[in-house]
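The next block is final_19.cif, given as mmCIF, C-alpha atoms.
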```
data_target
#
loop_
_atom_site.label_atom_id
_atom_site.label_comp_id
_atom_site.auth_asym_id
_atom_site.auth_seq_id
_atom_site.Cartn_x
_atom_site.Cartn_y
_atom_site.Cartn_z
CA MET U 1 12.85 -29.13 6.90
CA GLU U 2 11.61 -25.78 8.17
CA LEU U 3 8.04 -24.94 7.18
CA LYS U 4 7.53 -22.00 4.86
CA LYS U 5 6.30 -18.82 6.52
CA ARG U 6 2.75 -17.96 5.53
CA LEU U 7 1.60 -14.40 4.94
CA GLY U 8 -2.10 -13.51 4.78
CA CYS U 9 -2.66 -10.49 2.51
CA LEU U 10 -5.76 -8.30 2.69
CA HIS U 11 -6.45 -6.23 -0.43
CA ALA U 12 -9.21 -3.85 -1.46
CA HIS U 13 -8.68 -4.73 -5.12
CA TYR U 14 -7.59 -7.80 -7.10
CA SER U 15 -4.94 -5.82 -8.99
CA ASN U 16 -2.80 -5.66 -5.83
CA ILE U 17 -2.27 -9.44 -5.69
CA GLU U 18 0.09 -9.43 -8.67
CA TYR U 19 2.33 -6.75 -7.13
CA ILE U 20 2.86 -8.72 -3.92
CA GLU U 21 3.19 -12.08 -5.70
CA ASN U 22 5.86 -10.74 -8.08
CA ALA U 23 7.77 -8.82 -5.42
CA LEU U 24 8.01 -11.87 -3.13
CA SER U 25 8.32 -14.54 -5.83
CA SER U 26 12.01 -15.17 -5.15
CA TYR U 27 11.50 -15.70 -1.39
CA GLU U 28 10.57 -18.78 0.63
CA ILE U 29 7.08 -17.67 1.60
CA GLU U 30 3.51 -18.78 1.01
CA LEU U 31 0.97 -16.06 0.27
CA ILE U 32 -2.77 -16.32 0.91
CA HIS U 33 -4.84 -13.48 -0.57
CA PHE U 34 -8.13 -12.06 0.70
CA VAL U 35 -9.86 -9.44 -1.44
CA ASP U 36 -12.85 -7.27 -0.59
CA PRO U 37 -13.54 -4.38 -3.00
CA ALA U 38 -17.04 -3.94 -1.56
CA LEU U 39 -15.85 -2.35 1.68
CA MET U 40 -14.11 0.54 -0.09
CA TYR U 41 -17.10 0.93 -2.39
CA ARG U 42 -19.46 1.26 0.57
CA VAL U 43 -17.16 3.57 2.53
CA THR U 44 -16.94 5.99 -0.40
CA SER U 45 -20.46 5.81 -1.84
CA ASP U 46 -22.96 4.53 0.73
CA GLU U 47 -23.96 7.27 3.17
CA SER U 48 -25.86 4.85 5.41
CA PHE U 49 -22.64 2.87 5.95
CA LYS U 50 -21.10 4.38 9.07
CA VAL U 51 -17.47 4.47 10.26
CA GLY U 52 -18.37 2.00 13.00
CA ASP U 53 -19.70 -0.46 10.39
CA ALA U 54 -16.46 -0.19 8.43
CA GLN U 55 -14.37 -0.70 11.57
CA ASN U 56 -16.36 -3.81 12.50
CA LYS U 57 -15.97 -5.21 9.00
CA VAL U 58 -12.18 -4.73 8.96
CA LYS U 59 -11.90 -6.24 12.45
CA GLU U 60 -13.92 -9.25 11.27
CA GLN U 61 -11.72 -9.68 8.18
CA ILE U 62 -8.45 -9.44 10.12
CA GLU U 63 -9.62 -11.94 12.74
CA TRP U 64 -10.80 -14.32 10.00
CA ILE U 65 -7.38 -14.16 8.29
CA ALA U 66 -5.62 -14.69 11.64
CA GLN U 67 -7.47 -18.00 12.02
CA CYS U 68 -5.97 -19.26 8.75
CA ASN U 69 -2.71 -20.25 10.39
CA VAL U 70 -0.69 -17.28 9.10
CA ASP U 71 2.59 -15.96 10.54
CA ALA U 72 1.67 -12.35 9.76
CA ILE U 73 -1.05 -10.31 8.06
CA LEU U 74 -0.22 -7.74 5.40
CA ILE U 75 -2.75 -4.97 4.69
CA THR U 76 -2.15 -3.41 1.27
CA CYS U 77 -5.02 -0.90 1.29
CA THR U 78 -4.25 2.41 2.99
CA ASN U 79 -7.96 2.97 3.63
CA TYR U 80 -8.26 -0.34 5.46
CA ILE U 81 -5.27 0.65 7.59
CA ALA U 82 -6.85 3.99 8.46
CA ILE U 83 -10.11 2.25 9.46
CA LEU U 84 -8.43 -0.49 11.50
CA GLN U 85 -8.54 -0.15 15.27
CA GLU U 86 -5.78 -2.46 16.37
CA GLU U 87 -6.54 -2.11 20.07
CA HIS U 88 -9.91 -3.83 19.49
CA LEU U 89 -8.41 -6.93 17.90
CA SER U 90 -8.18 -10.16 19.83
CA ILE U 91 -5.30 -11.68 17.83
CA SER U 92 -1.60 -12.17 18.44
CA VAL U 93 -0.59 -12.37 14.76
CA PRO U 94 1.62 -9.40 13.77
CA ILE U 95 0.06 -6.94 11.31
CA ILE U 96 2.25 -5.39 8.62
CA LYS U 97 0.85 -2.20 7.15
CA ILE U 98 2.00 -1.36 3.66
CA ASP U 99 2.54 2.32 4.36
CA GLU U 100 4.61 2.15 7.55
CA PRO U 101 7.97 1.22 5.95
CA TYR U 102 7.16 3.88 3.32
CA PHE U 103 6.49 6.47 6.05
CA GLU U 104 9.77 5.58 7.71
CA TYR U 105 11.64 6.05 4.44
CA ILE U 106 10.11 9.39 3.46
CA SER U 107 10.29 10.77 7.01
CA ASN U 108 14.06 10.59 6.74
CA ILE U 109 14.10 12.89 3.71
CA THR U 110 14.75 16.51 4.59
CA GLN U 111 14.22 18.21 1.23
CA PRO U 112 10.79 19.16 -0.22
CA GLN U 113 8.75 16.22 -1.44
CA THR U 114 5.75 15.57 -3.62
CA ILE U 115 3.43 12.66 -2.84
CA LEU U 116 1.00 11.48 -5.49
CA PHE U 117 -2.34 9.72 -5.10
CA THR U 118 -4.99 8.63 -7.58
CA ASN U 119 -7.67 7.77 -5.01
CA PRO U 120 -8.92 10.93 -3.26
CA ALA U 121 -10.58 8.79 -0.56
CA THR U 122 -7.20 7.59 0.76
CA VAL U 123 -5.48 10.98 1.04
CA ASN U 124 -6.71 12.18 4.43
CA GLY U 125 -6.25 8.87 6.22
CA THR U 126 -2.76 8.36 4.78
CA MET U 127 -1.57 11.91 5.44
CA GLU U 128 -2.93 11.88 9.00
CA ARG U 129 -1.02 8.68 9.67
CA LEU U 130 2.13 10.02 8.01
CA ASN U 131 2.02 13.22 10.07
CA GLN U 132 1.43 11.20 13.22
CA TYR U 133 4.37 8.96 12.34
CA ALA U 134 6.63 11.97 11.73
CA TYR U 135 5.49 13.57 14.98
CA ASN U 136 6.11 10.38 16.98
CA HIS U 137 9.60 10.09 15.50
CA GLN U 138 10.35 13.82 15.76
CA LYS U 139 10.72 14.32 12.01
CA SER U 140 9.71 17.44 10.17
CA LEU U 141 8.18 17.07 6.72
CA ASP U 142 7.97 19.43 3.77
CA ILE U 143 5.35 17.74 1.62
CA GLU U 144 3.07 18.74 -1.22
CA VAL U 145 0.21 16.36 -2.06
CA PHE U 146 -1.25 15.91 -5.53
CA VAL U 147 -4.23 13.79 -6.54
CA ILE U 148 -4.26 12.69 -10.17
CA ASN U 149 -7.97 13.30 -10.64
CA ASN U 150 -10.46 11.10 -12.50
CA THR U 151 -7.95 8.26 -12.70
CA PHE U 152 -8.75 5.81 -9.93
CA GLU U 153 -12.04 4.80 -11.57
CA LEU U 154 -9.99 3.31 -14.42
CA ILE U 155 -8.25 0.73 -12.22
CA MET U 156 -11.53 -0.07 -10.47
CA GLN U 157 -12.99 -0.83 -13.91
CA GLY U 158 -10.03 -3.07 -14.78
CA LEU U 159 -8.56 -0.57 -17.27
CA LYS U 160 -5.02 -0.94 -16.00
CA GLN U 161 -3.24 0.20 -19.16
CA GLU U 162 -5.23 3.45 -19.35
CA TYR U 163 -4.70 3.95 -15.61
CA ASN U 164 -0.92 3.55 -15.96
CA GLN U 165 -0.88 5.95 -18.93
CA GLU U 166 -2.57 8.71 -16.89
CA ILE U 167 -0.08 8.28 -14.04
CA SER U 168 2.91 8.23 -16.40
CA LYS U 169 1.66 11.38 -18.12
CA PHE U 170 1.39 13.20 -14.79
CA LEU U 171 4.76 11.95 -13.55
CA ASN U 172 6.51 13.01 -16.74
CA LYS U 173 5.06 16.48 -16.29
CA ILE U 174 6.26 16.99 -12.69
CA ILE U 175 9.49 15.00 -12.69
CA LYS U 176 11.35 18.00 -14.13
CA GLU U 177 10.80 19.98 -10.94
CA ASP U 178 13.68 18.32 -9.11
CA LYS U 179 11.63 17.50 -6.03
CA VAL U 180 11.67 14.13 -4.36
CA ILE U 181 8.64 12.29 -5.77
CA SER U 182 6.80 9.31 -4.37
CA VAL U 183 3.59 7.47 -5.18
CA ALA U 184 1.49 6.51 -2.17
CA GLN U 185 -0.59 3.63 -3.56
CA LEU U 186 0.38 0.14 -4.62
CA SER U 187 -1.66 0.44 -7.82
CA MET U 188 0.67 3.25 -8.94
CA VAL U 189 3.89 1.24 -8.74
CA ASP U 190 4.04 -0.11 -12.32
CA ALA U 191 3.64 3.30 -13.92
CA SER U 192 6.15 4.89 -11.55
CA LYS U 193 8.76 2.20 -12.23
CA GLU U 194 8.34 2.67 -15.95
CA VAL U 195 8.85 6.45 -15.71
CA GLU U 196 11.77 5.94 -13.34
CA TYR U 197 13.38 3.57 -15.84
CA LYS U 198 12.88 5.93 -18.80
CA THR U 199 14.01 9.11 -17.03
CA SER U 200 16.62 7.61 -14.64
CA LYS U 201 15.06 9.75 -11.89
CA PRO U 202 14.16 7.87 -8.72
CA ILE U 203 10.50 7.68 -7.70
CA ILE U 204 9.83 6.24 -4.24
CA ASN U 205 7.04 3.68 -3.96
CA PRO U 206 5.50 1.74 -1.06
CA LEU U 207 6.25 -1.68 -2.58
CA ASP U 208 10.06 -1.53 -2.48
CA THR U 209 10.10 -0.27 1.11
CA LEU U 210 7.52 -2.91 2.10
CA ILE U 211 9.38 -5.94 0.74
CA SER U 212 12.57 -5.27 2.70
CA SER U 213 10.41 -4.85 5.82
CA VAL U 214 8.52 -8.14 5.25
CA VAL U 215 11.78 -10.01 4.62
CA SER U 216 13.38 -8.75 7.83
CA GLN U 217 10.26 -9.08 10.01
CA LEU U 218 9.48 -12.65 8.96
CA LYS U 219 13.16 -13.60 8.58
CA ILE U 220 12.57 -15.23 5.20
CA GLY U 221 15.34 -16.23 2.85
CA LYS U 222 15.62 -16.39 -0.92
CA LYS U 223 14.52 -19.55 -2.68
CA THR U 224 17.38 -21.90 -3.46
CA VAL U 225 17.88 -22.26 -7.17
CA VAL U 226 18.38 -25.83 -8.32
CA ILE U 227 20.69 -25.94 -11.30
#
```

Just give me the structure as structure tokens.
Amino acid sequence: MELKKRLGCLHAHYSNIEYIENALSSYEIELIHFVDPALMYRVTSDESFKVGDAQNKVKEQIEWIAQCNVDAILITCTNYIAILQEEHLSISVPIIKIDEPYFEYISNITQPQTILFTNPATVNGTMERLNQYAYNHQKSLDIEVFVINNTFELIMQGLKQEYNQEISKFLNKIIKEDKVISVAQLSMVDASKEVEYKTSKPIINPLDTLISSVVSQLKIGKKTVVI
């Protein structure tokens, strides 16, 4: 019998575990989760904590996960991805970044788009990487960025319901504008799916694009259902 593929997942917050677990629950894959909220906290609020310190910490985490016998490493935090310097890693395990399949998807859209964030600290890193991706693939983007202010603290405090309500409220307000809308963070997926379901208007999210990428990269199949 073929051994299950094992995916090591690095998160900046515990709330992201559930998204990945649910999205991959029907596939033959074993997930190992590593969570470190402290890094993001220090990056955003500790002035003595330098970029180099953050880069070293991410490198250390990735190399630690690679030693846990995983077939690939998934990074779900866009800030971690922006900090990561892949050329300094001494591992051969493939790294899957949550936002790359998402970038690929939205780079193929030619009409005006709106991208939403709740965490202001992730905007610059994500947009720089998106623009670089579009440039490398010769795509031109027409994008407006919105940050739903004073919302991210809610999820960091474990107030998921209140967090989702704020996102839904904002989405309902702008969904009438007939632009292509996407949410850039994993923590925003539940609220966006709920609004999408109620309004029948599609909202792009990084989870759906990620799962198809993980499935094809790791060549995993669906679980066989025993009846």

- Of the listed residues U:Ala121, U:Glu86, U:Cys9, U:Thr151, that which approaches Arg42 (chain U) most closely, counting all atoms listed in the file: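 Among the listed residues, the smallest separation from Arg42 (chain U) belongs to U:Ala121.
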
- Task: Using the chain letters and numbering of this document, enumerate as an MDAnalysis selection string the residues selected by the PyMOL selection byres ((chain U and resi 202) around 10).
- Result: chainID U and resid 175 180:182 192:193 195:197 199:201 203:205

- Picked residues, the PyMOL selection byres ((chain U and resi 106) around 12), as a ChimeraX atom specification: /U:99-105,107-115,130-131,133-134,139-143,180-184,203-206,209

- Query: Quick one: of U:Gln132, U:Gly125, U:Thr118, U:Lys97, who's nearest to Glu166 (chain U), counting all atoms listed in the file?
  - Reply: U:Thr118

- Fewer than 3 positions away in the same chain doesn't count, so skip those; otherwise give me all residues within 9 Å of Asp36 (chain U), counting all atoms listed in the file, as an MDAnalysis selection string. chainID U and resid 10:14 39:40

- Judged by all atoms listed in the file, the minimum distance to Val145 (chain U) among U:Phe117, U:Asn164, U:Ala38, U:Thr126 is found for U:Phe117

- Near region 60-74 of chain U, counting all atoms listed in the file, which residues have an atom at most 9 Å away, once you skip same-chain residues fewer than 3 positions from it, shown as a list in words?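 What passes the distance filter is Lys5, Arg6, Leu7, Gly8, Cys9, Leu10, His11, Ile32, Phe34, Gln55, Asn56, Lys57, Leu89, Ser90, Ile91, Ser92, Val93, Pro94, Ile95, Ile96, Lys97, Ile98, Val214 and Leu218 of chain U.
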
- Message: as a list in words, please: the residues near Ser187 (chain U) (cut-off 9 Å, all atoms listed in the file, same-chain neighbours under 3 positions excluded).
- Response: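 Surrounding residues, per the criterion: Ser15, Asn16, Tyr19, Thr118, Ile155, Lys160, Asn164, Ala184, Asp190 and Ala191 of chain U.
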
- Task: Can you work out which one of U:Ile83, U:Ile29, U:Leu210, U:Val35 has the shortest atom-to-atom distance to Ile17 (chain U), counting only C-alpha atoms?
- Result: U:Val35

- Task: Quote the spacing between CA of Glu47 (chain U) and CA of Met188 (chain U) in Å to one decimal place.
- Result: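 For CA of Glu47 (chain U) relative to CA of Met188 (chain U), the distance reads 27.7 Å.
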
- Task: State, in Å with one decimal place, the distance from CA of Ile148 (chain U) to CA of Leu116 (chain U).
- Result: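 Answer for the CA of Ile148 (chain U) to CA of Leu116 (chain U) separation: 7.1 Å.
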
- Message: As an exercise, work out the distance from CA of Asn22 (chain U) to CA of Tyr163 (chain U) in Å and give it to one decimal place.
- Response: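 Between CA of Asn22 (chain U) and CA of Tyr163 (chain U) the gap works out to 19.6 Å.
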
Region 113-138 of chain U rebuilt with N, CA and C atoms, output as a compact mmCIF listing (two decimals), keeping the file's coordinate frame:
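As a result, part.txt now contains:
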```txt
# COMPACT_ATOMS: atom_id res chain seq x y z
N GLN U 113 9.21 17.42 -0.75
CA GLN U 113 8.75 16.22 -1.44
C GLN U 113 7.36 16.40 -2.02
N THR U 114 7.09 15.62 -3.05
CA THR U 114 5.75 15.57 -3.62
C THR U 114 5.23 14.14 -3.50
N ILE U 115 4.04 13.99 -2.94
CA ILE U 115 3.43 12.66 -2.84
C ILE U 115 2.20 12.63 -3.74
N LEU U 116 2.11 11.58 -4.55
CA LEU U 116 1.00 11.48 -5.49
C LEU U 116 0.01 10.38 -5.09
N PHE U 117 -1.25 10.68 -5.31
CA PHE U 117 -2.34 9.72 -5.10
C PHE U 117 -3.20 9.70 -6.36
N THR U 118 -3.94 8.61 -6.55
CA THR U 118 -4.99 8.63 -7.58
C THR U 118 -6.37 8.51 -6.92
N ASN U 119 -6.39 7.97 -5.70
CA ASN U 119 -7.67 7.77 -5.01
C ASN U 119 -7.86 8.84 -3.93
N PRO U 120 -8.73 9.83 -4.21
CA PRO U 120 -8.92 10.93 -3.26
C PRO U 120 -9.35 10.45 -1.87
N ALA U 121 -10.05 9.29 -1.84
CA ALA U 121 -10.58 8.79 -0.56
C ALA U 121 -9.47 8.32 0.39
N THR U 122 -8.28 8.09 -0.13
CA THR U 122 -7.20 7.59 0.76
C THR U 122 -6.29 8.71 1.27
N VAL U 123 -6.45 9.91 0.72
CA VAL U 123 -5.48 10.98 1.04
C VAL U 123 -5.49 11.36 2.51
N ASN U 124 -6.66 11.70 3.05
CA ASN U 124 -6.71 12.18 4.43
C ASN U 124 -6.19 11.16 5.43
N GLY U 125 -6.67 9.92 5.29
CA GLY U 125 -6.25 8.87 6.22
C GLY U 125 -4.75 8.64 6.16
N THR U 126 -4.20 8.62 4.94
CA THR U 126 -2.76 8.36 4.78
C THR U 126 -1.95 9.52 5.33
N MET U 127 -2.35 10.75 5.00
CA MET U 127 -1.57 11.91 5.44
C MET U 127 -1.65 12.10 6.96
N GLU U 128 -2.81 11.80 7.53
CA GLU U 128 -2.93 11.88 9.00
C GLU U 128 -1.96 10.89 9.66
N ARG U 129 -1.91 9.69 9.10
CA ARG U 129 -1.02 8.68 9.67
C ARG U 129 0.44 9.03 9.44
N LEU U 130 0.74 9.60 8.28
CA LEU U 130 2.13 10.02 8.01
C LEU U 130 2.55 11.13 8.97
N ASN U 131 1.68 12.11 9.15
CA ASN U 131 2.02 13.22 10.07
C ASN U 131 2.17 12.73 11.50
N GLN U 132 1.34 11.79 11.88
CA GLN U 132 1.43 11.20 13.22
C GLN U 132 2.75 10.45 13.37
N TYR U 133 3.10 9.72 12.32
CA TYR U 133 4.37 8.96 12.34
C TYR U 133 5.55 9.92 12.49
N ALA U 134 5.53 10.99 11.69
CA ALA U 134 6.63 11.97 11.73
C ALA U 134 6.70 12.63 13.11
N TYR U 135 5.55 12.95 13.66
CA TYR U 135 5.49 13.57 14.98
C TYR U 135 6.06 12.63 16.05
N ASN U 136 5.63 11.37 16.00
CA ASN U 136 6.11 10.38 16.98
C ASN U 136 7.62 10.16 16.90
N HIS U 137 8.16 10.33 15.69
CA HIS U 137 9.60 10.09 15.50
C HIS U 137 10.39 11.40 15.39
N GLN U 138 9.72 12.49 15.76
CA GLN U 138 10.35 13.82 15.76
C GLN U 138 11.01 14.18 14.42
```
